Amino acid sequence: MSLKLKIIIGSTRPGRVGPSVASWVHEAAKAQDAFEVELVELAAFDLPLLDEPKHPAMQQYQHEHTKRWSAAMADGDAYVFVTPEYDFFAPASLVNALQCLAVEWRYKPAGTVCYGGVSGGLRSSQELRQLIGNKNMMPLPQVVPVPFVASHIDEEGKFSATEKMNEGLKNMFRELAKWAEALKPMREK
């Protein structure tokens with residue numbers, strides 16, 4: 001059985017370009033033979049700000065939105081968070097989504113594809129990677145930045161990556177597969 005990779009669109013903002021970037025990541029991931037790939041639209045879960053009465057580590061969720069989010073993430077072996085940079089940080093929607101859960105993330109690797117202006121979202125990715133590590137996940141150092149993201153999206157909303165972006169993404173997938181396999185025994189305990 002192949003590894004399950006969840007690609008999460010981290011922005012929920014109206015008019016966002018995250019779905020275009022995430023479609024590119026999704027198609028590239030499907031071309032790899034290491035993963036069963038699922039594209040996850042965070043906005044579809046309508047997660048309010050930390051509204052569960054008990055700590056996520058207890059997994060005693062009271063609300064349907066958290067139960068759905070937990071079920072969607074729990075069977076993943078690896079994750080790619082597609083994130084914009086808002087005010088030099090990851091979007092609050094993505095930070096909240098990570099903090100809503102605990103056990104579901106443990107011993108799983110995560111990569112980031114970030115986008116923005118001149119920095120390509122790297123500041124956002126760096127902050128996000130710290131949170132990922134704090135959630136007991138393995139944050140990959142292989143980050144795929146997309147600088148000046150708007151210049152890579154055509155009139156129909158289709159994202160076009162450069163050769164270097166595609167190369168970086170393939171490298172990240174290789175690392176995700178290695179880490180997901182290596183951490184598998186820890187997840188099975």
# chains A, B, ... in the order shown; residues from 1 in each chain; ligands from 1
>>> residues_around(residues="range 6-19 of chain A", least_positions_apart="4", cutoff="8 Å", atoms="only C-alpha atoms", output="VMD selection string")
chain A and resid 23 25 to 26 37 to 43 73 76 to 84 91 93 to 94 157
>>> residues_around(residues="Leu50 in chain A", least_positions_apart="5", cutoff="12 Å", atoms="only C-alpha atoms", output="PyMOL selection string")
chain A and resi 55-56+61-63+65-66+92-101
>>> atom_distance(atom1="CA of Pro145 in chain A", atom2="CA of Ala177 in chain A")
19.7 Å
>>> closest_residue(among="A:Leu122, A:Ala110, A:Ala74, A:Leu131", to="Pro147 in chain A", atoms="only C-alpha atoms")
A:Leu122
>>> closest_residue(among="A:Ala150, A:Lys4, A:Phe173, A:Glu52", to="Phe35 in chain A", atoms="only C-alpha atoms")
A:Lys4
>>> atom_distance(atom1="CA of Thr162 in chain A", atom2="CA of Thr112 in chain A")
17.0 Å
>>> residues_around(residues="Leu176 in chain A", least_positions_apart="2", cutoff="10 Å", atoms="only C-alpha atoms", output="ChimeraX atom specification")
/A:3,5,34-35,77-80,108-111,138-140,142,170-174,178-182
>>> select_by_dssp(residues="chain A", states="alpha helix (DSSP H)", output="PyMOL selection string")
chain A and resi 18-30+64-74+92-99+122-134+163-187
>>> atom_distance(atom1="CA of Leu169 in chain A", atom2="CA of Glu155 in chain A")
23.9 Å
>>> decode(residues="range 154-169 of chain A", atoms="all heavy atoms", output="PDB file, in the first residue's frame")
ATOM      1  N   ASP A 154      -1.946  32.654 -15.126  1.00  0.00           N
ATOM      2  CA  ASP A 154      -2.486  33.262 -16.347  1.00  0.00           C
ATOM      3  C   ASP A 154      -3.911  33.779 -16.139  1.00  0.00           C
ATOM      4  O   ASP A 154      -4.463  33.682 -15.045  1.00  0.00           O
ATOM      5  CB  ASP A 154      -2.394  32.281 -17.522  1.00  0.00           C
ATOM      6  CG  ASP A 154      -3.265  31.047 -17.387  1.00  0.00           C
ATOM      7  OD1 ASP A 154      -4.218  31.057 -16.572  1.00  0.00           O
ATOM      8  OD2 ASP A 154      -3.010  30.057 -18.100  1.00  0.00           O
ATOM      9  N   GLU A 155      -4.510  34.292 -17.206  1.00  0.00           N
ATOM     10  CA  GLU A 155      -5.856  34.890 -17.148  1.00  0.00           C
ATOM     11  C   GLU A 155      -6.927  33.888 -16.723  1.00  0.00           C
ATOM     12  O   GLU A 155      -7.956  34.255 -16.172  1.00  0.00           O
ATOM     13  CB  GLU A 155      -6.254  35.482 -18.510  1.00  0.00           C
ATOM     14  CG  GLU A 155      -5.327  36.550 -19.045  1.00  0.00           C
ATOM     15  CD  GLU A 155      -4.070  35.968 -19.699  1.00  0.00           C
ATOM     16  OE1 GLU A 155      -4.126  34.901 -20.372  1.00  0.00           O
ATOM     17  OE2 GLU A 155      -3.005  36.585 -19.514  1.00  0.00           O
ATOM     18  N   GLU A 156      -6.708  32.607 -16.993  1.00  0.00           N
ATOM     19  CA  GLU A 156      -7.667  31.560 -16.609  1.00  0.00           C
ATOM     20  C   GLU A 156      -7.432  31.057 -15.183  1.00  0.00           C
ATOM     21  O   GLU A 156      -8.134  30.158 -14.715  1.00  0.00           O
ATOM     22  CB  GLU A 156      -7.617  30.372 -17.584  1.00  0.00           C
ATOM     23  CG  GLU A 156      -8.252  30.649 -18.939  1.00  0.00           C
ATOM     24  CD  GLU A 156      -7.303  31.389 -19.877  1.00  0.00           C
ATOM     25  OE1 GLU A 156      -6.111  31.001 -19.948  1.00  0.00           O
ATOM     26  OE2 GLU A 156      -7.741  32.362 -20.505  1.00  0.00           O
ATOM     27  N   GLY A 157      -6.408  31.578 -14.520  1.00  0.00           N
ATOM     28  CA  GLY A 157      -6.116  31.162 -13.147  1.00  0.00           C
ATOM     29  C   GLY A 157      -5.210  29.948 -13.040  1.00  0.00           C
ATOM     30  O   GLY A 157      -5.062  29.380 -11.964  1.00  0.00           O
ATOM     31  N   LYS A 158      -4.584  29.568 -14.142  1.00  0.00           N
ATOM     32  CA  LYS A 158      -3.691  28.399 -14.128  1.00  0.00           C
ATOM     33  C   LYS A 158      -2.279  28.826 -13.749  1.00  0.00           C
ATOM     34  O   LYS A 158      -1.739  29.785 -14.282  1.00  0.00           O
ATOM     35  CB  LYS A 158      -3.685  27.705 -15.487  1.00  0.00           C
ATOM     36  CG  LYS A 158      -2.834  26.444 -15.520  1.00  0.00           C
ATOM     37  CD  LYS A 158      -3.064  25.665 -16.792  1.00  0.00           C
ATOM     38  CE  LYS A 158      -2.142  24.500 -16.970  1.00  0.00           C
ATOM     39  NZ  LYS A 158      -1.779  23.716 -15.851  1.00  0.00           N
ATOM     40  N   PHE A 159      -1.700  28.071 -12.827  1.00  0.00           N
ATOM     41  CA  PHE A 159      -0.347  28.337 -12.361  1.00  0.00           C
ATOM     42  C   PHE A 159       0.665  27.662 -13.268  1.00  0.00           C
ATOM     43  O   PHE A 159       0.489  26.504 -13.646  1.00  0.00           O
ATOM     44  CB  PHE A 159      -0.186  27.816 -10.926  1.00  0.00           C
ATOM     45  CG  PHE A 159       1.191  28.012 -10.377  1.00  0.00           C
ATOM     46  CD1 PHE A 159       1.576  29.234  -9.852  1.00  0.00           C
ATOM     47  CD2 PHE A 159       2.116  26.978 -10.385  1.00  0.00           C
ATOM     48  CE1 PHE A 159       2.852  29.425  -9.346  1.00  0.00           C
ATOM     49  CE2 PHE A 159       3.394  27.153  -9.876  1.00  0.00           C
ATOM     50  CZ  PHE A 159       3.761  28.375  -9.360  1.00  0.00           C
ATOM     51  N   SER A 160       1.743  28.359 -13.617  1.00  0.00           N
ATOM     52  CA  SER A 160       2.837  27.796 -14.413  1.00  0.00           C
ATOM     53  C   SER A 160       4.130  27.916 -13.619  1.00  0.00           C
ATOM     54  O   SER A 160       4.583  29.026 -13.333  1.00  0.00           O
ATOM     55  CB  SER A 160       2.986  28.546 -15.737  1.00  0.00           C
ATOM     56  OG  SER A 160       1.850  28.356 -16.534  1.00  0.00           O
ATOM     57  N   ALA A 161       4.695  26.790 -13.288  1.00  0.00           N
ATOM     58  CA  ALA A 161       5.926  26.755 -12.500  1.00  0.00           C
ATOM     59  C   ALA A 161       7.143  26.876 -13.392  1.00  0.00           C
ATOM     60  O   ALA A 161       7.114  26.519 -14.573  1.00  0.00           O
ATOM     61  CB  ALA A 161       5.986  25.449 -11.719  1.00  0.00           C
ATOM     62  N   THR A 162       8.239  27.340 -12.804  1.00  0.00           N
ATOM     63  CA  THR A 162       9.519  27.344 -13.504  1.00  0.00           C
ATOM     64  C   THR A 162      10.148  25.957 -13.375  1.00  0.00           C
ATOM     65  O   THR A 162       9.709  25.134 -12.567  1.00  0.00           O
ATOM     66  CB  THR A 162      10.484  28.386 -12.889  1.00  0.00           C
ATOM     67  OG1 THR A 162      10.799  27.981 -11.561  1.00  0.00           O
ATOM     68  CG2 THR A 162       9.872  29.780 -12.896  1.00  0.00           C
ATOM     69  N   GLU A 163      11.190  25.734 -14.128  1.00  0.00           N
ATOM     70  CA  GLU A 163      11.906  24.458 -14.057  1.00  0.00           C
ATOM     71  C   GLU A 163      12.466  24.238 -12.654  1.00  0.00           C
ATOM     72  O   GLU A 163      12.399  23.129 -12.109  1.00  0.00           O
ATOM     73  CB  GLU A 163      13.035  24.441 -15.089  1.00  0.00           C
ATOM     74  CG  GLU A 163      13.776  23.134 -15.168  1.00  0.00           C
ATOM     75  CD  GLU A 163      14.887  23.147 -16.210  1.00  0.00           C
ATOM     76  OE1 GLU A 163      14.742  23.858 -17.226  1.00  0.00           O
ATOM     77  OE2 GLU A 163      15.893  22.453 -15.984  1.00  0.00           O
ATOM     78  N   LYS A 164      13.003  25.288 -12.051  1.00  0.00           N
ATOM     79  CA  LYS A 164      13.573  25.177 -10.704  1.00  0.00           C
ATOM     80  C   LYS A 164      12.497  24.865  -9.663  1.00  0.00           C
ATOM     81  O   LYS A 164      12.735  24.104  -8.720  1.00  0.00           O
ATOM     82  CB  LYS A 164      14.321  26.453 -10.317  1.00  0.00           C
ATOM     83  CG  LYS A 164      15.599  26.653 -11.084  1.00  0.00           C
ATOM     84  CD  LYS A 164      16.623  25.597 -10.708  1.00  0.00           C
ATOM     85  CE  LYS A 164      17.938  25.819 -11.428  1.00  0.00           C
ATOM     86  NZ  LYS A 164      18.843  24.692 -11.277  1.00  0.00           N
ATOM     87  N   MET A 165      11.315  25.430  -9.801  1.00  0.00           N
ATOM     88  CA  MET A 165      10.208  25.128  -8.880  1.00  0.00           C
ATOM     89  C   MET A 165       9.822  23.654  -8.994  1.00  0.00           C
ATOM     90  O   MET A 165       9.629  22.973  -7.980  1.00  0.00           O
ATOM     91  CB  MET A 165       8.988  25.997  -9.178  1.00  0.00           C
ATOM     92  CG  MET A 165       9.127  27.437  -8.819  1.00  0.00           C
ATOM     93  SD  MET A 165       7.651  28.334  -9.373  1.00  0.00           S
ATOM     94  CE  MET A 165       8.253  30.004  -9.391  1.00  0.00           C
ATOM     95  N   ASN A 166       9.710  23.166 -10.219  1.00  0.00           N
ATOM     96  CA  ASN A 166       9.376  21.750 -10.431  1.00  0.00           C
ATOM     97  C   ASN A 166      10.449  20.833  -9.860  1.00  0.00           C
ATOM     98  O   ASN A 166      10.144  19.812  -9.242  1.00  0.00           O
ATOM     99  CB  ASN A 166       9.177  21.463 -11.923  1.00  0.00           C
ATOM    100  CG  ASN A 166       7.860  21.989 -12.437  1.00  0.00           C
ATOM    101  OD1 ASN A 166       6.842  21.913 -11.752  1.00  0.00           O
ATOM    102  ND2 ASN A 166       7.870  22.534 -13.638  1.00  0.00           N
ATOM    103  N   GLU A 167      11.691  21.206 -10.047  1.00  0.00           N
ATOM    104  CA  GLU A 167      12.813  20.437  -9.514  1.00  0.00           C
ATOM    105  C   GLU A 167      12.756  20.402  -7.979  1.00  0.00           C
ATOM    106  O   GLU A 167      12.919  19.347  -7.355  1.00  0.00           O
ATOM    107  CB  GLU A 167      14.106  21.121  -9.968  1.00  0.00           C
ATOM    108  CG  GLU A 167      15.315  20.276 -10.069  1.00  0.00           C
ATOM    109  CD  GLU A 167      16.457  21.106 -10.670  1.00  0.00           C
ATOM    110  OE1 GLU A 167      16.425  21.363 -11.892  1.00  0.00           O
ATOM    111  OE2 GLU A 167      17.351  21.495  -9.880  1.00  0.00           O
ATOM    112  N   GLY A 168      12.513  21.558  -7.377  1.00  0.00           N
ATOM    113  CA  GLY A 168      12.417  21.642  -5.923  1.00  0.00           C
ATOM    114  C   GLY A 168      11.267  20.814  -5.376  1.00  0.00           C
ATOM    115  O   GLY A 168      11.390  20.159  -4.339  1.00  0.00           O
ATOM    116  N   LEU A 169      10.153  20.829  -6.092  1.00  0.00           N
ATOM    117  CA  LEU A 169       8.983  20.064  -5.663  1.00  0.00           C
ATOM    118  C   LEU A 169       9.261  18.564  -5.713  1.00  0.00           C
ATOM    119  O   LEU A 169       8.937  17.835  -4.769  1.00  0.00           O
ATOM    120  CB  LEU A 169       7.784  20.432  -6.545  1.00  0.00           C
ATOM    121  CG  LEU A 169       6.410  20.039  -6.042  1.00  0.00           C
ATOM    122  CD1 LEU A 169       6.128  20.620  -4.659  1.00  0.00           C
ATOM    123  CD2 LEU A 169       5.348  20.504  -7.033  1.00  0.00           C
TER     124      LEU A 169
END
